[in-house]
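So this block is run08.txt, compact mmCIF, C-alpha atoms and all ligand atoms:
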```txt
# COMPACT_ATOMS: atom_id res chain seq x y z
CA MET A 1 -34.04 -27.26 -2.84
CA ARG A 2 -33.74 -24.40 -0.38
CA GLU A 3 -32.39 -25.25 3.07
CA LEU A 4 -33.17 -23.67 6.41
CA GLN A 5 -30.07 -21.73 7.42
CA LEU A 6 -29.07 -19.63 10.42
CA ALA A 7 -26.86 -16.55 10.03
CA PRO A 8 -25.89 -15.22 13.47
CA SER A 9 -25.15 -11.49 13.34
CA VAL A 10 -22.11 -10.62 15.44
CA LEU A 11 -23.32 -7.02 15.69
CA SER A 12 -24.87 -7.95 19.04
CA ALA A 13 -21.83 -9.90 20.28
CA ASP A 14 -19.06 -8.66 22.57
CA PHE A 15 -16.66 -6.97 20.14
CA ALA A 16 -13.75 -7.60 22.50
CA SER A 17 -14.35 -11.35 22.08
CA LEU A 18 -15.62 -11.76 18.53
CA GLY A 19 -13.62 -14.92 17.98
CA ASP A 20 -15.29 -16.59 20.95
CA ALA A 21 -18.72 -15.42 19.72
CA VAL A 22 -18.15 -16.95 16.27
CA ARG A 23 -16.79 -20.21 17.65
CA SER A 24 -19.73 -20.49 20.05
CA VAL A 25 -22.30 -20.71 17.22
CA GLN A 26 -20.36 -22.32 14.42
CA GLU A 27 -22.09 -25.69 14.75
CA GLN A 28 -25.52 -24.13 14.19
CA ALA A 29 -24.49 -21.40 11.76
CA SER A 30 -24.56 -21.70 7.98
CA TRP A 31 -23.21 -18.16 7.72
CA ILE A 32 -21.59 -15.62 10.00
CA HIS A 33 -23.42 -12.37 9.29
CA ALA A 34 -21.23 -9.24 9.38
CA ASP A 35 -23.14 -5.94 9.35
CA ILE A 36 -21.04 -3.35 7.55
CA MET A 37 -22.37 0.18 8.17
CA ASP A 38 -20.71 3.28 6.76
CA GLY A 39 -22.25 6.22 8.63
CA HIS A 40 -23.87 7.42 5.35
CA PHE A 41 -26.37 4.82 4.16
CA VAL A 42 -27.17 4.39 7.83
CA PRO A 43 -26.05 6.69 10.67
CA THR A 44 -24.01 4.00 12.38
CA LEU A 45 -20.39 2.99 11.82
CA THR A 46 -19.60 -0.63 12.60
CA MET A 47 -16.87 -2.80 11.14
CA GLY A 48 -14.69 -2.95 8.05
CA PRO A 49 -12.50 -5.37 6.11
CA LEU A 50 -10.03 -5.90 8.98
CA THR A 51 -12.79 -7.17 11.24
CA VAL A 52 -14.15 -9.39 8.48
CA LYS A 53 -10.67 -10.83 7.96
CA ALA A 54 -10.42 -11.58 11.68
CA LEU A 55 -13.85 -13.26 11.67
CA ALA A 56 -13.04 -15.38 8.61
CA ALA A 57 -9.77 -16.49 10.20
CA VAL A 58 -11.37 -18.13 13.23
CA THR A 59 -14.00 -20.28 11.53
CA ASP A 60 -14.73 -22.44 8.51
CA VAL A 61 -18.30 -21.09 8.44
CA PRO A 62 -18.56 -18.70 5.47
CA VAL A 63 -18.79 -15.01 6.33
CA GLU A 64 -21.48 -12.95 4.59
CA CYS A 65 -21.12 -9.19 4.55
CA HIS A 66 -24.34 -7.19 4.66
CA LEU A 67 -23.13 -3.96 3.08
CA MET A 68 -25.21 -1.07 4.42
CA VAL A 69 -23.05 1.38 2.51
CA THR A 70 -23.66 3.93 -0.25
CA ASN A 71 -20.70 2.87 -2.40
CA PRO A 72 -20.49 -0.94 -2.45
CA TRP A 73 -18.86 -0.95 -5.90
CA ASP A 74 -15.82 0.83 -4.40
CA LEU A 75 -15.63 -1.40 -1.34
CA ILE A 76 -16.66 -4.90 -2.39
CA GLU A 77 -13.19 -6.02 -3.46
CA GLN A 78 -11.75 -5.21 -0.03
CA PHE A 79 -14.30 -7.49 1.58
CA VAL A 80 -13.57 -10.26 -0.90
CA GLN A 81 -9.86 -9.96 -0.14
CA SER A 82 -10.72 -10.16 3.56
CA GLY A 83 -12.37 -13.53 3.07
CA ALA A 84 -16.06 -12.72 2.59
CA ALA A 85 -17.85 -15.63 0.90
CA ARG A 86 -20.71 -13.42 -0.20
CA CYS A 87 -21.78 -9.80 -0.04
CA THR A 88 -25.27 -8.37 0.03
CA VAL A 89 -25.85 -4.87 -1.29
CA HIS A 90 -28.88 -2.63 -0.89
CA VAL A 91 -31.07 -2.06 -3.94
CA GLU A 92 -31.63 1.52 -2.74
CA VAL A 93 -28.04 2.53 -3.60
CA GLY A 94 -28.37 1.74 -7.34
CA ARG A 95 -25.84 0.32 -9.84
CA VAL A 96 -27.05 -3.12 -8.79
CA THR A 97 -26.39 -4.95 -12.07
CA GLU A 98 -22.87 -3.55 -12.12
CA ILE A 99 -22.23 -4.76 -8.56
CA ILE A 100 -23.64 -8.22 -9.31
CA GLU A 101 -21.30 -8.52 -12.30
CA ARG A 102 -18.36 -7.33 -10.18
CA ALA A 103 -19.15 -9.90 -7.47
CA ARG A 104 -19.35 -12.70 -10.05
CA TYR A 105 -16.05 -11.58 -11.57
CA LEU A 106 -14.51 -11.65 -8.08
CA GLY A 107 -15.91 -15.14 -7.53
CA ILE A 108 -18.16 -14.60 -4.52
CA GLY A 109 -21.85 -15.02 -3.75
CA ILE A 110 -24.05 -11.96 -4.09
CA GLY A 111 -27.31 -10.84 -2.59
CA VAL A 112 -29.62 -7.85 -2.85
CA ALA A 113 -31.28 -6.33 0.20
CA LEU A 114 -34.35 -4.14 0.48
CA ASN A 115 -35.47 -1.84 3.25
CA PRO A 116 -38.93 -2.06 4.85
CA GLU A 117 -40.26 0.85 2.71
CA THR A 118 -38.83 -0.42 -0.57
CA PRO A 119 -41.36 -2.18 -2.81
CA VAL A 120 -40.71 -5.73 -3.96
CA SER A 121 -40.87 -4.54 -7.59
CA GLU A 122 -37.44 -2.94 -7.08
CA VAL A 123 -35.73 -6.31 -6.56
CA LEU A 124 -37.67 -8.51 -9.00
CA PRO A 125 -35.33 -7.71 -11.93
CA TYR A 126 -32.40 -9.18 -9.95
CA LEU A 127 -33.98 -12.39 -8.69
CA GLU A 128 -32.53 -14.48 -11.51
CA LEU A 129 -29.06 -13.02 -11.03
CA VAL A 130 -28.41 -13.33 -7.31
CA ASP A 131 -28.03 -16.02 -4.65
CA VAL A 132 -30.14 -14.38 -1.98
CA ILE A 133 -32.69 -11.62 -1.44
CA LEU A 134 -32.38 -10.08 2.01
CA VAL A 135 -35.62 -8.63 3.32
CA MET A 136 -35.09 -6.11 6.12
CA THR A 137 -37.66 -6.68 8.85
CA VAL A 138 -36.40 -3.63 10.77
CA HIS A 139 -34.96 -0.33 9.57
CA PRO A 140 -31.25 -0.92 8.97
CA GLY A 141 -28.73 0.60 11.33
CA PHE A 142 -29.05 -1.07 14.69
CA GLY A 143 -29.43 -4.45 16.33
CA GLY A 144 -32.10 -5.17 18.90
CA GLN A 145 -35.01 -3.41 17.18
CA LYS A 146 -38.63 -4.53 17.14
CA PHE A 147 -39.69 -6.79 14.26
CA ILE A 148 -41.88 -5.00 11.68
CA SER A 149 -44.63 -7.52 10.90
CA GLU A 150 -45.99 -5.37 8.02
CA VAL A 151 -42.99 -6.53 5.98
CA VAL A 152 -44.04 -10.20 6.05
CA PRO A 153 -46.31 -9.93 2.93
CA LYS A 154 -43.24 -8.84 0.96
CA ILE A 155 -41.57 -12.13 1.82
CA THR A 156 -44.69 -13.96 0.64
CA GLU A 157 -44.67 -11.98 -2.61
CA ILE A 158 -41.00 -12.74 -3.32
CA SER A 159 -41.51 -16.38 -2.40
CA GLU A 160 -44.47 -16.68 -4.80
CA TYR A 161 -42.45 -15.10 -7.59
CA ILE A 162 -39.58 -17.53 -6.96
CA ARG A 163 -41.94 -20.50 -7.02
CA LYS A 164 -43.80 -19.40 -10.16
CA ASN A 165 -40.55 -18.81 -12.01
CA SER A 166 -38.85 -21.99 -10.70
CA LEU A 167 -35.92 -20.02 -9.27
CA SER A 168 -33.70 -21.28 -6.46
CA VAL A 169 -32.76 -17.97 -4.83
CA ASP A 170 -32.73 -17.91 -1.02
CA ILE A 171 -34.82 -15.47 1.01
CA GLU A 172 -33.10 -14.04 4.07
CA ALA A 173 -34.98 -12.25 6.84
CA ASP A 174 -32.98 -9.74 8.86
CA GLY A 175 -34.04 -7.78 11.91
CA GLY A 176 -35.98 -8.60 15.05
CA ILE A 177 -35.86 -12.33 14.37
CA GLY A 178 -36.28 -14.40 17.53
CA PRO A 179 -38.30 -17.37 18.79
CA GLU A 180 -41.49 -15.25 18.82
CA THR A 181 -41.18 -13.89 15.27
CA VAL A 182 -39.27 -16.50 13.30
CA ALA A 183 -42.30 -18.65 12.44
CA GLN A 184 -43.93 -15.72 10.61
CA VAL A 185 -41.03 -15.19 8.22
CA VAL A 186 -40.41 -18.90 7.62
CA ASP A 187 -44.09 -19.49 6.99
CA ALA A 188 -43.99 -16.66 4.43
CA GLY A 189 -41.06 -18.27 2.63
CA ALA A 190 -37.82 -17.09 4.25
CA ASN A 191 -35.18 -19.81 4.64
CA VAL A 192 -32.11 -17.88 5.82
CA LEU A 193 -32.52 -16.36 9.25
CA VAL A 194 -30.34 -13.55 10.55
CA ALA A 195 -30.40 -13.11 14.31
CA GLY A 196 -28.23 -10.90 16.46
CA SER A 197 -29.70 -10.01 19.82
CA ALA A 198 -31.78 -13.21 19.98
CA ILE A 199 -28.52 -15.16 19.90
CA PHE A 200 -25.88 -12.96 21.52
CA SER A 201 -27.94 -10.88 23.97
CA ALA A 202 -30.48 -13.49 25.01
CA GLY A 203 -30.71 -15.12 28.42
CA ALA A 204 -29.62 -18.47 26.97
CA SER A 205 -26.10 -19.22 25.75
CA PRO A 206 -25.53 -18.42 22.05
CA PRO A 207 -25.51 -22.11 20.99
CA ASP A 208 -28.67 -22.86 22.97
CA ALA A 209 -30.40 -19.75 21.60
CA SER A 210 -29.36 -20.80 18.07
CA LYS A 211 -30.69 -24.32 18.53
CA LYS A 212 -33.98 -22.99 19.89
CA LEU A 213 -34.39 -20.62 16.94
CA LEU A 214 -33.67 -23.38 14.42
CA GLN A 215 -36.05 -25.70 16.22
CA VAL A 216 -38.95 -23.22 16.16
CA ALA A 217 -38.19 -22.36 12.51
CA GLY A 218 -37.88 -26.02 11.59
CA GLU A 219 -41.38 -26.81 12.82
CA VAL A 220 -42.82 -24.37 10.30
CA PHE A 221 -40.32 -25.01 7.52
CA LEU A 222 -40.99 -28.73 7.41
CA SER A 223 -44.75 -28.52 7.65
C1 LIG A 301 -29.60 -4.28 11.24
C2 LIG A 301 -28.73 -5.40 10.82
C3 LIG A 301 -29.07 -6.71 11.42
C4 LIG A 301 -28.94 -6.75 12.92
C5 LIG A 301 -29.99 -7.69 13.41
O1 LIG A 301 -29.35 -3.16 10.45
O2 LIG A 301 -28.76 -5.58 9.42
O3 LIG A 301 -28.33 -7.77 10.84
O4 LIG A 301 -27.70 -7.20 13.37
O5 LIG A 301 -30.04 -7.60 14.78
P1 LIG A 301 -31.27 -8.18 15.60
O6 LIG A 301 -31.35 -9.64 15.29
O7 LIG A 301 -30.90 -7.88 17.00
O8 LIG A 301 -32.48 -7.42 15.13
ZN ZN A 302 -27.74 -7.46 8.65
```

Go ahead and render the structure in this file as structure tokens.
Ligand code: DX5
Ligand code: ZN
Amino acid sequence: MRELQLAPSVLSADFASLGDAVRSVQEQASWIHADIMDGHFVPTLTMGPLTVKALAAVTDVPVECHLMVTNPWDLIEQFVQSGAARCTVHVEVGRVTEIIERARYLGIGIGVALNPETPVSEVLPYLELVDVILVMTVHPGFGGQKFISEVVPKITEISEYIRKNSLSVDIEADGGIGPETVAQVVDAGANVLVAGSAIFSAGASPPDASKKLLQVAGEVFLS
């Protein structure tokens, strides 16, 4: 049975106070989402294993690393050693089966992500092998972007495939998720919700923004 889960992305938090940001949402969070960007797969550079280690040290909530990098097979072990509970790699970089096997050998959870332009057919071969499929609902690289609603049918398609094949893989929606957009992705079948700016750059406090998001999502998820 898939659960509704919130994964606050600290990309939109105050990097001088990341520990406070993590602690502020840990009652609502099922995961702390760490966006790892390498300046190649995406133009931005964000955080690395040292930051992940610092995040993992301040909370019991598992840290998931969203690896927006071109060479995850070289880097994944560093993130495992830093305390990552699972890593998600992009299908666009290739060598996916190899990375899944490496993650299993290292004893962590593994996910596969796909960009807005990438067809669902690219990830179907991995659905039986991974814990989560991360559907990008913005172009990767930055927080605070506008939700791309055209991606929602991809979530429906993955969800249908999961149901027809009696799989238990989670579907994670990442990008532009907030109180106005969350119902669309949950209704389509997403159960893990990444949110950065809606939690850490909203008018409300991070815990209140998290509760609100879960409440709106819960109304659709339960119905
Ligand atoms: C974007 C990242 C997201 C980002 C989401 O490349 O993968 O996780 O932090 O930020 P918001 O929720 O602000 O769109
Ligand atoms: Zn992300």

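If you measure from each of A:Leu214, A:Ile133, A:Val192, A:Leu55 to A:Val120 using only C-alpha atoms, the closest one turns out to be A:Ile133.
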
Counting only C-alpha atoms and all ligand atoms, give me one row per residue of chain A with an atom at most 6 Å from an atom of ligand ZN 302 (chain A), showing the shortest contact pair and its distance in Å to one decimal, sorted by chain then residue number, as a Markdown table.
```
| residue | atom | partner | partner_atom | distance |
| --- | --- | --- | --- | --- |
| A:Asp35 | CA | A:ZN302 | ZN | 4.9 |
| A:His66 | CA | A:ZN302 | ZN | 5.2 |
| A:Asp174 | CA | A:ZN302 | ZN | 5.7 |
```

Show me, as a PDB file with C-alpha atoms, in the coordinates of the input, the residues that have an atom within 7 Å of stretch 74-87 of chain A when counting all atoms listed in the file, minus same-chain residues fewer than 3 positions from it.
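File produced: result_2.pdb:
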```pdb
ATOM      1  CA  PRO A  49     -12.500  -5.370   6.110  1.00  0.00           C
ATOM      2  CA  LEU A  50     -10.030  -5.900   8.980  1.00  0.00           C
ATOM      3  CA  VAL A  52     -14.150  -9.390   8.480  1.00  0.00           C
ATOM      4  CA  LYS A  53     -10.670 -10.830   7.960  1.00  0.00           C
ATOM      5  CA  ALA A  56     -13.040 -15.380   8.610  1.00  0.00           C
ATOM      6  CA  PRO A  62     -18.560 -18.700   5.470  1.00  0.00           C
ATOM      7  CA  VAL A  63     -18.790 -15.010   6.330  1.00  0.00           C
ATOM      8  CA  GLU A  64     -21.480 -12.950   4.590  1.00  0.00           C
ATOM      9  CA  CYS A  65     -21.120  -9.190   4.550  1.00  0.00           C
ATOM     10  CA  HIS A  66     -24.340  -7.190   4.660  1.00  0.00           C
ATOM     11  CA  LEU A  67     -23.130  -3.960   3.080  1.00  0.00           C
ATOM     12  CA  ASN A  71     -20.700   2.870  -2.400  1.00  0.00           C
ATOM     13  CA  ILE A 108     -18.160 -14.600  -4.520  1.00  0.00           C
ATOM     14  CA  GLY A 109     -21.850 -15.020  -3.750  1.00  0.00           C
ATOM     15  CA  ILE A 110     -24.050 -11.960  -4.090  1.00  0.00           C
ATOM     16  CA  GLY A 111     -27.310 -10.840  -2.590  1.00  0.00           C
TER      17      GLY A 111
END
```

Given 8 Å of margin on each side, can you work out the centre and size in Å (one decimal) of an axis-aligned box holding every listed atom of ligand LIG 301 (chain A), as lines of an AutoDock Vina configuration file?
```
center_x = -30.1
center_y = -6.4
center_z = 13.2
size_x = 20.8
size_y = 22.5
size_z = 23.6
```

Could you give me, as an mmCIF file with C-alpha atoms, in the frame of the given file, the residues within 7 Å of stretch 175-188 of chain A, counting all atoms listed in the file and dropping anything in the same chain fewer than 5 positions from it?
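Final output, saved to around_2.cif:
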```cif
data_model
loop_
_atom_site.group_PDB
_atom_site.id
_atom_site.type_symbol
_atom_site.label_atom_id
_atom_site.label_comp_id
_atom_site.auth_asym_id
_atom_site.auth_seq_id
_atom_site.Cartn_x
_atom_site.Cartn_y
_atom_site.Cartn_z
ATOM 1 C CA MET A 136 -35.090 -6.110 6.120
ATOM 2 C CA THR A 137 -37.660 -6.680 8.850
ATOM 3 C CA VAL A 138 -36.400 -3.630 10.770
ATOM 4 C CA GLY A 144 -32.100 -5.170 18.900
ATOM 5 C CA GLN A 145 -35.010 -3.410 17.180
ATOM 6 C CA LYS A 146 -38.630 -4.530 17.140
ATOM 7 C CA PHE A 147 -39.690 -6.790 14.260
ATOM 8 C CA VAL A 152 -44.040 -10.200 6.050
ATOM 9 C CA ILE A 155 -41.570 -12.130 1.820
ATOM 10 C CA THR A 156 -44.690 -13.960 0.640
ATOM 11 C CA VAL A 194 -30.340 -13.550 10.550
ATOM 12 C CA ALA A 195 -30.400 -13.110 14.310
ATOM 13 C CA ALA A 198 -31.780 -13.210 19.980
ATOM 14 C CA LEU A 213 -34.390 -20.620 16.940
ATOM 15 C CA VAL A 216 -38.950 -23.220 16.160
ATOM 16 C CA ALA A 217 -38.190 -22.360 12.510
ATOM 17 C CA VAL A 220 -42.820 -24.370 10.300
ATOM 18 C CA PHE A 221 -40.320 -25.010 7.520
#
```

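Summary of the local environment: counting all atoms listed in the file, residues at most 7 Å from A:Gly196, other than itself and those fewer than 2 positions away along its chain, are Pro8, Ser9, Val10, Leu11, Ser12, Gly143, Val194, Ala198, Ile199 and Phe200 of chain A.
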
Keeping only C-alpha atoms, write the selected residues to a file as a PDB file, in the frame of the given file.
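out36.pdb was written with the following content:
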```
ATOM      1  CA  PRO A   8     -25.890 -15.220  13.470  1.00  0.00           C
ATOM      2  CA  SER A   9     -25.150 -11.490  13.340  1.00  0.00           C
ATOM      3  CA  VAL A  10     -22.110 -10.620  15.440  1.00  0.00           C
ATOM      4  CA  LEU A  11     -23.320  -7.020  15.690  1.00  0.00           C
ATOM      5  CA  SER A  12     -24.870  -7.950  19.040  1.00  0.00           C
ATOM      6  CA  GLY A 143     -29.430  -4.450  16.330  1.00  0.00           C
ATOM      7  CA  VAL A 194     -30.340 -13.550  10.550  1.00  0.00           C
ATOM      8  CA  ALA A 198     -31.780 -13.210  19.980  1.00  0.00           C
ATOM      9  CA  ILE A 199     -28.520 -15.160  19.900  1.00  0.00           C
ATOM     10  CA  PHE A 200     -25.880 -12.960  21.520  1.00  0.00           C
TER      11      PHE A 200
END
```

As a PyMOL selection string, please: the residues near A:Glu92 (cut-off 10 Å, only C-alpha atoms, same-chain neighbours under 3 positions excluded). chain A and resi 41+68+70+89+95-96+112-115+118+122-123

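Among the candidates A:Ser197, A:Ser159, A:Asn191, A:Ser24, the one nearest to ligand LIG 301 (chain A) when counting all atoms listed in the file is A:Ser197.
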
Which value, in Å to one decimal, gives the distance between atom C1 of ligand LIG 301 (chain A) and atom CA of A:Ser149? 15.4 Å

Best match for closeness to A:Lys211 among A:Met1, A:Phe15, A:Val25, A:Phe142, counting all atoms listed in the file: A:Val25
